[in-house]
$ cat protein01.cif   # mmCIF, C-alpha atoms and all ligand atoms
data_run
#
loop_
_atom_site.label_atom_id
_atom_site.label_comp_id
_atom_site.auth_asym_id
_atom_site.auth_seq_id
_atom_site.Cartn_x
_atom_site.Cartn_y
_atom_site.Cartn_z
CA MET A 1 25.32 32.74 118.00
CA THR A 2 28.04 31.22 115.90
CA LEU A 3 28.23 32.21 112.27
CA PHE A 4 30.08 30.11 109.69
CA ILE A 5 31.30 32.06 106.71
CA GLU A 6 33.51 31.64 103.70
CA TYR A 7 36.97 33.05 104.30
CA ARG A 8 38.04 34.27 100.89
CA ALA A 9 41.72 34.09 100.06
CA ALA A 10 43.39 36.83 98.04
CA HIS A 11 43.20 34.89 94.77
CA GLU A 12 39.50 34.19 95.33
CA ILE A 13 38.84 37.86 95.99
CA ARG A 14 40.53 38.68 92.70
CA TRP A 15 38.14 36.38 90.81
CA SER A 16 34.91 36.78 92.75
CA GLY A 17 35.26 39.95 94.79
CA PRO A 18 35.32 40.38 98.55
CA ALA A 19 32.88 38.72 100.91
CA THR A 20 31.95 39.48 104.50
CA GLY A 21 34.99 38.67 106.65
CA PRO A 22 35.14 37.74 110.33
CA ASP A 23 35.26 41.32 111.67
CA ALA A 24 32.27 42.45 109.62
CA ALA A 25 30.41 39.26 110.49
CA ARG A 26 30.65 40.29 114.12
CA THR A 27 29.76 43.95 113.69
CA VAL A 28 27.10 43.51 110.99
CA PHE A 29 25.41 40.38 112.31
CA GLY A 30 26.23 40.72 116.01
CA THR A 31 27.48 37.14 116.29
CA ASP A 32 29.30 35.87 119.37
CA THR A 33 31.64 33.69 117.35
CA VAL A 34 32.68 33.57 113.70
CA MET A 35 34.25 30.50 112.16
CA PRO A 36 35.25 29.41 108.67
CA ASN A 37 32.63 27.16 107.15
CA THR A 38 35.26 24.49 106.63
CA GLN A 39 35.06 23.89 110.39
CA PHE A 40 31.36 23.33 110.39
CA ALA A 41 31.30 19.51 110.28
CA ALA A 42 33.64 19.18 113.23
CA TYR A 43 31.88 21.85 115.22
CA PHE A 44 28.55 20.24 114.55
CA ASP A 45 29.74 16.83 115.74
CA GLN A 46 30.94 18.39 118.96
CA LEU A 47 27.69 20.22 119.40
CA LYS A 48 25.71 17.01 118.93
CA ALA A 49 27.91 15.25 121.46
CA ASP A 50 27.48 18.06 123.98
CA LEU A 51 23.71 18.08 123.54
CA ALA A 52 23.48 14.30 123.83
CA SER A 53 25.54 14.18 127.01
CA SER A 54 23.48 16.94 128.62
CA HIS A 55 20.16 15.50 127.34
CA ARG A 56 19.26 18.68 125.52
CA PRO A 57 17.34 18.65 122.22
CA LEU A 58 18.69 19.62 118.85
CA TYR A 59 16.44 21.78 116.66
CA LEU A 60 17.30 21.48 113.01
CA ASP A 61 15.85 21.76 109.53
CA SER A 62 18.24 20.69 106.85
CA PRO A 63 19.14 17.85 104.54
CA ALA A 64 19.56 14.53 106.28
CA GLU A 65 23.20 14.35 105.32
CA LEU A 66 23.94 17.33 107.52
CA LEU A 67 23.50 14.97 110.46
CA SER A 68 25.89 12.41 109.14
CA SER A 69 29.28 14.16 109.55
CA GLN A 70 29.70 13.99 105.77
CA TYR A 71 28.62 17.59 105.37
CA HIS A 72 31.92 18.93 104.14
CA PRO A 73 33.50 16.94 101.34
CA LEU A 74 37.02 17.94 102.33
CA SER A 75 38.80 16.57 105.32
CA PRO A 76 37.55 18.89 108.02
CA VAL A 77 40.88 18.88 109.81
CA ALA A 78 42.93 19.92 106.82
CA ALA A 79 40.43 22.43 105.54
CA ALA A 80 39.84 24.02 108.91
CA ALA A 81 43.51 24.25 109.72
CA ALA A 82 44.21 25.87 106.36
CA ALA A 83 41.40 28.36 106.74
CA VAL A 84 42.37 29.26 110.29
CA SER A 85 45.99 29.89 109.47
CA GLU A 86 45.07 31.82 106.33
CA ALA A 87 42.74 34.09 108.23
CA GLY A 88 45.07 34.56 111.16
CA MET A 89 42.23 33.42 113.38
CA THR A 90 42.48 31.96 116.81
CA PRO A 91 40.11 29.06 117.26
CA PRO A 92 37.62 29.51 120.10
CA SER A 93 39.49 27.19 122.43
CA GLY A 94 43.14 26.19 122.37
CA SER A 95 42.77 22.46 122.00
CA TRP A 96 39.71 22.61 119.82
CA SER A 97 41.40 22.55 116.44
CA ALA A 98 43.78 19.77 117.40
CA GLY A 99 40.90 17.61 118.56
CA LEU A 100 38.88 17.93 115.36
CA ALA A 101 39.62 14.51 113.93
CA LYS A 102 38.62 12.75 117.10
CA LEU A 103 35.44 14.81 117.44
CA THR A 104 34.42 14.20 113.87
CA ARG A 105 34.50 10.48 114.50
CA ALA A 106 32.78 10.79 117.87
CA LYS A 107 29.80 8.49 118.19
CA THR A 108 26.81 10.20 119.69
CA SER A 109 23.38 8.95 120.61
CA ASN A 110 21.21 11.97 119.97
CA ALA A 111 17.48 11.89 120.01
CA PRO A 112 16.10 12.72 116.56
CA PRO A 113 16.34 16.45 115.86
CA ARG A 114 13.22 18.49 116.42
CA PRO A 115 11.87 20.69 113.64
CA LEU A 116 13.01 24.27 113.88
CA SER A 117 11.35 26.05 110.97
CA HIS A 118 7.89 26.44 112.45
CA LEU A 119 9.39 28.08 115.56
CA ILE A 120 11.31 30.53 113.40
CA GLN A 121 8.17 31.20 111.39
CA GLN A 122 6.24 32.14 114.53
CA LEU A 123 8.97 34.70 115.25
CA ARG A 124 9.05 35.93 111.66
CA ALA A 125 5.30 36.46 111.51
CA VAL A 126 5.48 39.46 113.86
CA LYS A 127 7.69 42.17 112.43
CA SER A 128 9.90 44.52 114.45
CA PRO A 129 9.60 48.29 113.92
CA ALA A 130 12.81 48.15 111.87
CA GLU A 131 11.34 45.46 109.61
CA ILE A 132 8.13 47.44 109.20
CA ALA A 133 10.16 50.50 108.19
CA VAL A 134 11.85 48.46 105.43
CA MET A 135 8.52 46.98 104.34
CA ALA A 136 7.04 50.48 104.19
CA ARG A 137 9.85 51.52 101.86
CA SER A 138 9.33 48.38 99.82
CA GLY A 139 5.61 49.07 99.50
CA ALA A 140 6.09 52.76 98.70
CA ASN A 141 8.67 52.00 96.01
CA SER A 142 6.54 49.34 94.37
CA GLY A 143 3.42 51.51 94.60
CA ALA A 144 5.19 54.41 92.90
CA ALA A 145 6.32 52.06 90.12
CA PHE A 146 2.67 51.03 89.57
CA ALA A 147 1.70 54.70 89.20
CA ASP A 148 4.49 55.26 86.67
CA SER A 149 3.48 52.23 84.66
CA LEU A 150 -0.21 53.14 84.65
CA ARG A 151 0.74 56.55 83.30
CA ALA A 152 2.97 55.09 80.60
CA MET A 153 0.30 52.58 79.56
CA ARG A 154 -2.43 55.22 79.44
CA ASP A 155 -0.16 57.41 77.29
CA ARG A 156 0.18 54.47 74.84
CA ASN A 157 3.86 53.94 75.52
CA LEU A 158 3.31 50.34 76.65
CA VAL A 159 1.40 48.28 74.14
CA SER A 160 1.94 44.71 75.36
CA GLU A 161 1.85 42.76 78.59
CA HIS A 162 5.55 42.18 78.01
CA MET A 163 6.36 45.89 77.89
CA LEU A 164 4.21 46.60 80.94
CA SER A 165 5.94 43.82 82.85
CA ALA A 166 9.37 45.17 81.87
CA HIS A 167 8.37 48.73 82.78
CA LEU A 168 7.20 47.66 86.24
CA GLU A 169 10.40 45.79 86.97
CA PHE A 170 12.40 48.78 85.75
CA GLY A 171 10.41 50.94 88.18
CA PHE A 172 11.10 48.57 91.07
CA ARG A 173 14.82 48.39 90.31
CA MET A 174 15.20 52.12 89.74
CA ARG A 175 13.90 52.59 93.28
CA GLY A 176 16.42 50.22 94.79
CA SER A 177 14.69 46.86 94.61
CA LYS A 178 16.75 43.84 93.63
CA GLY A 179 14.03 42.93 91.18
CA ASN A 180 10.65 41.24 91.20
CA ALA A 181 9.68 39.59 94.48
CA TYR A 182 8.00 36.82 92.43
CA VAL A 183 7.06 36.07 88.84
CA PRO A 184 4.55 38.80 88.03
CA VAL A 185 1.13 38.36 86.49
CA VAL A 186 0.40 40.91 83.74
CA ALA A 187 -2.88 39.72 82.29
CA GLY A 188 -4.75 41.76 79.71
CA GLY A 189 -8.45 41.22 78.93
CA PRO A 190 -9.65 37.63 79.44
CA ASN A 191 -6.17 36.47 80.56
CA ALA A 192 -7.06 38.01 83.92
CA CYS A 193 -9.43 35.10 84.53
CA ILE A 194 -6.42 32.72 84.58
CA LEU A 195 -5.21 32.99 88.15
CA HIS A 196 -1.56 32.17 87.51
CA TYR A 197 -1.21 33.67 84.04
CA VAL A 198 2.52 34.38 83.69
CA ASN A 199 3.10 34.25 79.93
CA ASN A 200 2.76 38.05 79.88
CA ASP A 201 3.29 38.15 76.11
CA MET A 202 0.01 39.35 74.56
CA PRO A 203 -0.86 42.76 73.14
CA LEU A 204 -2.75 45.19 75.39
CA ARG A 205 -6.02 46.15 73.75
CA GLN A 206 -7.79 49.47 74.15
CA GLY A 207 -11.14 49.00 75.86
CA GLU A 208 -9.91 46.08 78.01
CA THR A 209 -8.52 46.04 81.52
CA VAL A 210 -5.20 44.55 82.63
CA LEU A 211 -4.74 42.71 85.91
CA ILE A 212 -1.25 43.27 87.33
CA ASP A 213 0.07 41.28 90.30
CA ALA A 214 3.66 42.36 90.92
CA GLY A 215 5.99 43.77 93.54
CA GLY A 216 9.64 44.46 94.17
CA GLN A 217 11.97 42.81 96.67
CA TYR A 218 13.50 45.68 98.61
CA GLY A 219 16.00 45.22 101.44
CA HIS A 220 15.08 41.49 101.26
CA TYR A 221 11.37 42.18 101.93
CA ALA A 222 8.68 41.44 99.36
CA SER A 223 5.89 43.72 98.25
CA ASP A 224 2.83 42.07 96.74
CA ILE A 225 0.47 44.41 94.90
CA SER A 226 -2.44 43.67 92.58
CA ARG A 227 -4.25 46.29 90.59
CA THR A 228 -6.62 46.14 87.67
CA TYR A 229 -6.31 49.10 85.34
CA PRO A 230 -8.20 50.14 82.22
CA ILE A 231 -5.67 50.05 79.41
CA SER A 232 -7.00 53.32 77.91
CA GLY A 233 -7.04 55.02 81.33
CA LYS A 234 -10.89 55.01 81.53
CA PHE A 235 -13.16 52.16 82.64
CA SER A 236 -16.18 51.06 80.58
CA PRO A 237 -19.48 51.03 82.53
CA ALA A 238 -19.37 47.25 83.15
CA GLN A 239 -15.70 47.35 84.15
CA ARG A 240 -16.36 50.26 86.48
CA GLU A 241 -19.27 48.53 88.24
CA LEU A 242 -17.41 45.28 88.75
CA TYR A 243 -14.27 47.13 89.83
CA GLN A 244 -16.18 49.15 92.42
CA ALA A 245 -17.74 45.95 93.78
CA VAL A 246 -14.31 44.37 94.38
CA LEU A 247 -12.98 47.64 95.76
CA ASN A 248 -15.83 47.82 98.27
CA VAL A 249 -14.99 44.32 99.49
CA GLN A 250 -11.28 45.11 99.64
CA GLN A 251 -11.70 48.37 101.56
CA GLU A 252 -14.20 46.87 103.99
CA SER A 253 -11.87 43.92 104.61
CA ILE A 254 -9.02 46.34 105.42
CA ARG A 255 -11.29 48.22 107.80
CA LEU A 256 -12.10 44.95 109.61
CA ILE A 257 -8.47 44.03 110.30
CA SER A 258 -7.88 43.82 114.02
CA THR A 259 -6.16 41.72 116.64
CA ASN A 260 -9.56 40.22 117.35
CA THR A 261 -9.85 38.46 114.02
CA SER A 262 -7.89 36.09 111.77
CA LEU A 263 -7.08 35.90 108.07
CA ASP A 264 -9.52 32.99 107.75
CA HIS A 265 -12.29 34.89 109.49
CA LEU A 266 -11.72 37.95 107.29
CA HIS A 267 -11.74 35.63 104.27
CA TYR A 268 -15.11 34.05 105.03
CA HIS A 269 -16.55 37.46 105.72
CA SER A 270 -15.18 38.78 102.42
CA ILE A 271 -17.02 36.03 100.54
CA SER A 272 -20.33 37.18 102.02
CA LEU A 273 -19.48 40.77 101.16
CA MET A 274 -18.62 39.75 97.60
CA THR A 275 -21.86 37.82 97.24
CA GLU A 276 -23.84 40.90 98.30
CA GLU A 277 -21.94 43.13 95.89
CA LEU A 278 -22.39 40.74 92.97
CA ARG A 279 -26.09 40.28 93.66
CA LYS A 280 -26.48 44.06 93.39
CA LEU A 281 -24.95 43.77 89.90
CA GLY A 282 -27.43 41.10 88.81
CA PHE A 283 -25.51 37.92 89.62
CA ASP A 284 -27.88 35.26 90.95
CA VAL A 285 -25.38 33.69 93.34
CA THR A 286 -24.90 32.22 96.80
CA ASP A 287 -21.73 32.32 98.90
CA THR A 288 -20.96 28.82 97.66
CA ASP A 289 -21.20 29.85 94.00
CA VAL A 290 -18.97 32.82 94.68
CA SER A 291 -16.25 30.94 96.56
CA ARG A 292 -16.29 28.03 94.10
CA ASP A 293 -16.58 29.80 90.74
CA LEU A 294 -15.99 33.55 90.96
CA TYR A 295 -13.68 34.34 93.87
CA PHE A 296 -11.82 31.08 94.29
CA HIS A 297 -8.77 31.99 96.33
CA HIS A 298 -8.04 33.17 99.83
CA LEU A 299 -8.39 36.81 100.85
CA GLY A 300 -4.78 37.07 101.96
CA HIS A 301 -1.61 35.73 103.50
CA TYR A 302 1.29 36.76 105.68
CA LEU A 303 3.99 38.79 103.94
CA GLY A 304 7.66 39.40 104.74
CA LEU A 305 10.97 38.03 103.53
CA ASP A 306 8.95 35.71 101.30
CA VAL A 307 5.85 36.66 99.39
CA HIS A 308 3.88 33.79 100.94
CA ASP A 309 5.67 34.25 104.22
CA THR A 310 5.53 31.96 107.25
CA PRO A 311 3.20 29.39 105.65
CA THR A 312 3.17 27.16 108.72
CA VAL A 313 1.58 29.92 110.79
CA SER A 314 -2.11 29.09 110.61
CA ARG A 315 -4.42 31.62 109.02
CA ALA A 316 -6.96 30.64 111.64
CA ARG A 317 -4.78 32.28 114.29
CA LYS A 318 -5.72 35.66 115.64
CA LEU A 319 -3.77 38.48 114.06
CA ARG A 320 -1.15 40.20 116.17
CA GLU A 321 0.17 43.73 116.21
CA GLY A 322 3.19 43.92 113.90
CA MET A 323 2.04 41.24 111.47
CA VAL A 324 2.01 42.26 107.81
CA ILE A 325 -0.68 40.70 105.66
CA THR A 326 -2.13 41.04 102.18
CA ILE A 327 -5.78 41.79 101.46
CA GLU A 328 -6.59 40.68 97.93
CA PRO A 329 -10.16 39.83 97.00
CA GLY A 330 -10.85 39.19 93.33
CA VAL A 331 -13.57 38.22 90.92
CA TYR A 332 -13.03 36.35 87.66
CA VAL A 333 -16.05 36.19 85.37
CA SER A 334 -15.74 33.38 82.85
CA ARG A 335 -17.95 33.13 79.75
CA ASP A 336 -20.59 31.17 81.61
CA PRO A 337 -24.32 31.64 80.93
CA ARG A 338 -24.89 31.74 84.70
CA TRP A 339 -23.20 35.18 84.86
CA PRO A 340 -24.52 38.42 83.32
CA SER A 341 -22.94 38.60 79.87
CA ARG A 342 -21.80 42.21 80.17
CA PHE A 343 -19.23 41.09 82.75
CA HIS A 344 -17.92 38.10 80.79
CA ASN A 345 -14.12 37.82 80.51
CA ILE A 346 -13.43 40.52 83.09
CA GLY A 347 -11.06 39.56 85.90
CA ILE A 348 -10.35 41.95 88.76
CA ARG A 349 -8.12 41.69 91.82
CA ILE A 350 -7.07 44.46 94.18
CA GLU A 351 -4.28 43.72 96.66
CA ASP A 352 -2.58 45.81 99.31
CA ASN A 353 -0.01 45.09 102.02
CA VAL A 354 -1.22 46.04 105.46
CA VAL A 355 0.38 46.25 108.93
CA VAL A 356 -1.77 45.02 111.80
CA THR A 357 -1.72 47.75 114.46
CA ALA A 358 -2.60 48.01 118.14
CA PRO A 359 -6.26 47.65 119.15
CA GLY A 360 -8.17 50.84 118.42
CA GLU A 361 -5.72 52.04 115.75
CA ALA A 362 -6.49 51.93 112.03
CA SER A 363 -4.35 49.36 110.25
CA ARG A 364 -1.59 50.77 108.07
CA VAL A 365 -1.62 50.25 104.31
CA LEU A 366 1.92 50.18 102.90
CA THR A 367 1.02 50.16 99.21
CA SER A 368 -1.32 53.11 98.81
CA GLY A 369 1.07 54.72 96.29
CA ALA A 370 -0.40 52.43 93.63
CA PRO A 371 -3.53 54.22 92.33
CA LYS A 372 -6.57 52.27 93.53
CA THR A 373 -9.84 54.19 93.60
CA ILE A 374 -11.54 54.85 90.27
CA ASP A 375 -10.78 58.56 90.62
CA GLU A 376 -7.12 57.92 91.44
CA ILE A 377 -6.84 55.73 88.35
CA GLU A 378 -8.77 57.85 85.88
CA GLN A 379 -7.53 61.23 87.13
CA LEU A 380 -3.86 60.25 87.47
CA PRO A 381 -1.87 63.35 86.47
N1 LIG A 401 1.42 37.34 94.13
C1 LIG A 401 1.00 36.19 94.79
C2 LIG A 401 -0.13 36.44 95.69
O1 LIG A 401 -0.76 37.47 95.58
O2 LIG A 401 -0.42 35.69 96.56
MN MN A 402 -0.08 39.17 94.62
MN MN A 403 -0.65 38.04 97.66
#
$ encode --input "protein01.cif" --output "structure tokens"
Amino acid sequence: MTLFIEYRAAHEIRWSGPATGPDAARTVFGTDTVMPNTQFAAYFDQLKADLASSHRPLYLDSPAELLSSQYHPLSPVAAAAAAVSEAGMTPPSGSWSAGLAKLTRAKTSNAPPRPLSHLIQQLRAVKSPAEIAVMARSGANSGAAFADSLRAMRDRNLVSEHMLSAHLEFGFRMRGSKGNAYVPVVAGGPNACILHYVNNDMPLRQGETVLIDAGGQYGHYASDISRTYPISGKFSPAQRELYQAVLNVQQESIRLISTNTSLDHLHYHSISLMTEELRKLGFDVTDTDVSRDLYFHHLGHYLGLDVHDTPTVSRARKLREGMVITIEPGVYVSRDPRWPSRFHNIGIRIEDNVVVTAPGEASRVLTSGAPKTIDEIEQLP
């Protein structure tokens, strides 16, 4: 593993502060070799030549120009020599630096590079115990922030979507997050029926619910939580019934997580569960109606460094121990005469982050600090 880093000179440190230097790059990142990034173009040309002559493939995802030796705008020889002498570094091999100019011009006949990203994504999809520990902290911090914000809203200290959004981000940051993991949705009343509502600038009205989809980025890992809370702290009868229906689907979907199933399979099952729940509430619907017009998104996705992590890993694949996924069924009742009018304009989504565990073990919910059951919400101290 060779890491290319910026070697900051004293005057640069004075303006911009210190950056990871070669010693720390080795100890922190465990690299075999550290080089100034000014040497990258030359190094890369040599690497391509070596791979071509030994008929080995190059795996690469990056802009096309990276392949063209024009990567660094400066003369690689001058820049590399300057950086090496400034850092007091010894190049990896004695003649290497002197040969840079020749290598940079070297003509190679590489096969086209092979895509790398999907291989990395396969590796990223299964988290190590250390990653899961960080994600557990991320989920716990974000969940606690949800509880704080629910309390503040119930106590009438947050009277707009804007204030609620700000309060949540404050809660994430006060617990060590760098900020929001993504642009949050804070959707009061009928705004909850707009899936990607991000204006977050309307008043919160007593008697309505608010759908919140937010999470902090902690130690580089995203949390992704959705909750739907009554703004007053107490659900109306219609809100309560619809909420419990979605909650039943969400909890049953979490129970069904196993290494014998896939996100897609869980999704299709959750549609049937939702149809059953809605029929009990008087909706005259089929699975098709539900998936087309009431619950029109996927049950979940992989989660990690990105909120929609490892998107090239198929959701049809069987889950594996150590994967972290979201489970987020929702229902969004538009003002449509097909739906019972008492539920019109209510939108509900409930989303947790869950670790897939070994066969026979219950999966592990990382975001249970965010009040979720009706009792947890209404009885929050
Ligand atoms: N917050 C984006 C999602 O739930 O997928
Ligand atoms: Mn979400
Ligand atoms: Mn999500």
$ closest_atom_pairs --input "protein01.cif" --of "stretch 303-367 of chain A" --to "stretch 272-289 of chain A" --cutoff "9 Å" --atoms "only C-alpha atoms" --output "CSV"
residue,atom,partner,partner_atom,distance
A:Pro329,CA,A:Met274,CA,8.5
A:Gly330,CA,A:Met274,CA,8.9
A:Val331,CA,A:Met274,CA,8.5
A:Arg338,CA,A:Asp284,CA,7.8
A:Trp339,CA,A:Phe283,CA,6.0
A:Pro340,CA,A:Phe283,CA,6.4
$ residues_near_ligand --input "protein01.cif" --ligand "ligand LIG 401 (chain A)" --cutoff "12 Å" --atoms "only C-alpha atoms and all ligand atoms" --output "JSON, numbers by chain"
{"A": [180, 181, 182, 183, 184, 185, 186, 195, 196, 197, 198, 211, 212, 213, 214, 215, 216, 222, 223, 224, 225, 226, 227, 297, 298, 299, 300, 301, 302, 303, 306, 307, 308, 309, 311, 325, 326, 327, 328, 329, 330, 349, 350, 351, 352, 353]}
$ write_last_selection --input "protein01.cif" --atoms "C-alpha atoms" --output "compact mmCIF listing (two decimals), in the coordinates of the input"
# COMPACT_ATOMS: atom_id res chain seq x y z
CA ASN A 180 10.65 41.24 91.20
CA ALA A 181 9.68 39.59 94.48
CA TYR A 182 8.00 36.82 92.43
CA VAL A 183 7.06 36.07 88.84
CA PRO A 184 4.55 38.80 88.03
CA VAL A 185 1.13 38.36 86.49
CA VAL A 186 0.40 40.91 83.74
CA LEU A 195 -5.21 32.99 88.15
CA HIS A 196 -1.56 32.17 87.51
CA TYR A 197 -1.21 33.67 84.04
CA VAL A 198 2.52 34.38 83.69
CA LEU A 211 -4.74 42.71 85.91
CA ILE A 212 -1.25 43.27 87.33
CA ASP A 213 0.07 41.28 90.30
CA ALA A 214 3.66 42.36 90.92
CA GLY A 215 5.99 43.77 93.54
CA GLY A 216 9.64 44.46 94.17
CA ALA A 222 8.68 41.44 99.36
CA SER A 223 5.89 43.72 98.25
CA ASP A 224 2.83 42.07 96.74
CA ILE A 225 0.47 44.41 94.90
CA SER A 226 -2.44 43.67 92.58
CA ARG A 227 -4.25 46.29 90.59
CA HIS A 297 -8.77 31.99 96.33
CA HIS A 298 -8.04 33.17 99.83
CA LEU A 299 -8.39 36.81 100.85
CA GLY A 300 -4.78 37.07 101.96
CA HIS A 301 -1.61 35.73 103.50
CA TYR A 302 1.29 36.76 105.68
CA LEU A 303 3.99 38.79 103.94
CA ASP A 306 8.95 35.71 101.30
CA VAL A 307 5.85 36.66 99.39
CA HIS A 308 3.88 33.79 100.94
CA ASP A 309 5.67 34.25 104.22
CA PRO A 311 3.20 29.39 105.65
CA ILE A 325 -0.68 40.70 105.66
CA THR A 326 -2.13 41.04 102.18
CA ILE A 327 -5.78 41.79 101.46
CA GLU A 328 -6.59 40.68 97.93
CA PRO A 329 -10.16 39.83 97.00
CA GLY A 330 -10.85 39.19 93.33
CA ARG A 349 -8.12 41.69 91.82
CA ILE A 350 -7.07 44.46 94.18
CA GLU A 351 -4.28 43.72 96.66
CA ASP A 352 -2.58 45.81 99.31
CA ASN A 353 -0.01 45.09 102.02
$ residues_around --input "protein01.cif" --residues "A:Pro237" --least-positions-apart "6" --cutoff "12 Å" --atoms "only C-alpha atoms" --output "ChimeraX atom specification"
/A:207-208,230,243-244,281,342-343,374
$ atom_distance --input "protein01.cif" --atom1 "atom CA of A:Gln239" --atom2 "atom CA of A:Pro371"
16.2 Å
$ atom_distance --input "protein01.cif" --atom1 "atom CA of A:Ala125" --atom2 "atom CA of A:Ser142"
21.5 Å
$ atom_distance --input "protein01.cif" --atom1 "atom CA of A:Thr38" --atom2 "atom CA of A:Ala52"
23.2 Å
$ closest_residue --input "protein01.cif" --among "A:Gln122, A:Thr357, A:Thr312, A:Ser232" --to "A:Arg151" --atoms "all atoms listed in the file"
A:Ser232
$ residues_around --input "protein01.cif" --residues "A:Arg335" --least-positions-apart "6" --cutoff "12 Å" --atoms "only C-alpha atoms" --output "list in words"
Pro190, Cys193, Asp293, Leu294, Ser341, Arg342, Phe343, His344, Asn345, Ile346 and Gly347 of chain A
$ residues_around --input "protein01.cif" --residues "A:Asn141" --least-positions-apart "3" --cutoff "10 Å" --atoms "all atoms listed in the file" --output "PDB file with C-alpha atoms, keeping the file's coordinate frame"
ATOM      1  CA  MET A 135       8.520  46.980 104.340  1.00  0.00           C
ATOM      2  CA  ALA A 136       7.040  50.480 104.190  1.00  0.00           C
ATOM      3  CA  ARG A 137       9.850  51.520 101.860  1.00  0.00           C
ATOM      4  CA  SER A 138       9.330  48.380  99.820  1.00  0.00           C
ATOM      5  CA  ALA A 144       5.190  54.410  92.900  1.00  0.00           C
ATOM      6  CA  ALA A 145       6.320  52.060  90.120  1.00  0.00           C
ATOM      7  CA  PHE A 146       2.670  51.030  89.570  1.00  0.00           C
ATOM      8  CA  GLY A 171      10.410  50.940  88.180  1.00  0.00           C
ATOM      9  CA  PHE A 172      11.100  48.570  91.070  1.00  0.00           C
ATOM     10  CA  ARG A 173      14.820  48.390  90.310  1.00  0.00           C
ATOM     11  CA  MET A 174      15.200  52.120  89.740  1.00  0.00           C
ATOM     12  CA  ARG A 175      13.900  52.590  93.280  1.00  0.00           C
ATOM     13  CA  GLY A 176      16.420  50.220  94.790  1.00  0.00           C
ATOM     14  CA  SER A 177      14.690  46.860  94.610  1.00  0.00           C
ATOM     15  CA  GLY A 215       5.990  43.770  93.540  1.00  0.00           C
ATOM     16  CA  GLY A 216       9.640  44.460  94.170  1.00  0.00           C
ATOM     17  CA  GLN A 217      11.970  42.810  96.670  1.00  0.00           C
ATOM     18  CA  TYR A 218      13.500  45.680  98.610  1.00  0.00           C
ATOM     19  CA  SER A 223       5.890  43.720  98.250  1.00  0.00           C
ATOM     20  CA  LEU A 366       1.920  50.180 102.900  1.00  0.00           C
ATOM     21  CA  THR A 367       1.020  50.160  99.210  1.00  0.00           C
ATOM     22  CA  GLY A 369       1.070  54.720  96.290  1.00  0.00           C
ATOM     23  CA  ALA A 370      -0.400  52.430  93.630  1.00  0.00           C
TER      24      ALA A 370
END
$ closest_residue --input "protein01.cif" --among "A:Glu321, A:Tyr43, A:Glu376, A:Gly304" --to "ligand MN 403 (chain A)" --atoms "only C-alpha atoms and all ligand atoms"
A:Gly304
$ closest_residue --input "protein01.cif" --among "A:Ala19, A:Val126, A:Ala10, A:Leu58" --to "A:Val313" --atoms "only C-alpha atoms"
A:Val126
$ residues_around --input "protein01.cif" --residues "A:Gly189" --least-positions-apart "2" --cutoff "6 Å" --atoms "only C-alpha atoms" --output "ChimeraX atom specification"
/A:191,208-210
$ closest_residue --input "protein01.cif" --among "A:Asn248, A:Gln206, A:Thr228, A:Ser270" --to "ligand MN 402 (chain A)" --atoms "only C-alpha atoms and all ligand atoms"
A:Thr228
$ closest_residue --input "protein01.cif" --among "A:Met163, A:Leu158, A:Ile194, A:Val354" --to "A:Ser253" --atoms "all atoms listed in the file"
A:Val354
$ residues_near_point --input "protein01.cif" --point "(-7.0, 48.3, 108.6)" --cutoff "6 Å" --atoms "all atoms listed in the file" --output "mmCIF file with C-alpha atoms, keeping the file's coordinate frame"
data_model
loop_
_atom_site.group_PDB
_atom_site.id
_atom_site.type_symbol
_atom_site.label_atom_id
_atom_site.label_comp_id
_atom_site.auth_asym_id
_atom_site.auth_seq_id
_atom_site.Cartn_x
_atom_site.Cartn_y
_atom_site.Cartn_z
ATOM 1 C CA ILE A 254 -9.020 46.340 105.420
ATOM 2 C CA ARG A 255 -11.290 48.220 107.800
ATOM 3 C CA ILE A 257 -8.470 44.030 110.300
ATOM 4 C CA ALA A 362 -6.490 51.930 112.030
ATOM 5 C CA SER A 363 -4.350 49.360 110.250
ATOM 6 C CA ARG A 364 -1.590 50.770 108.070
#
$ closest_residue --input "protein01.cif" --among "A:Ala133, A:Ile5, A:Val324, A:Ala166" --to "ligand MN 403 (chain A)" --atoms "all atoms listed in the file"
A:Val324
$ residues_around --input "protein01.cif" --residues "stretch 261-268 of chain A" --least-positions-apart "5" --cutoff "6 Å" --atoms "only C-alpha atoms" --output "ChimeraX atom specification"
/A:299,315-319
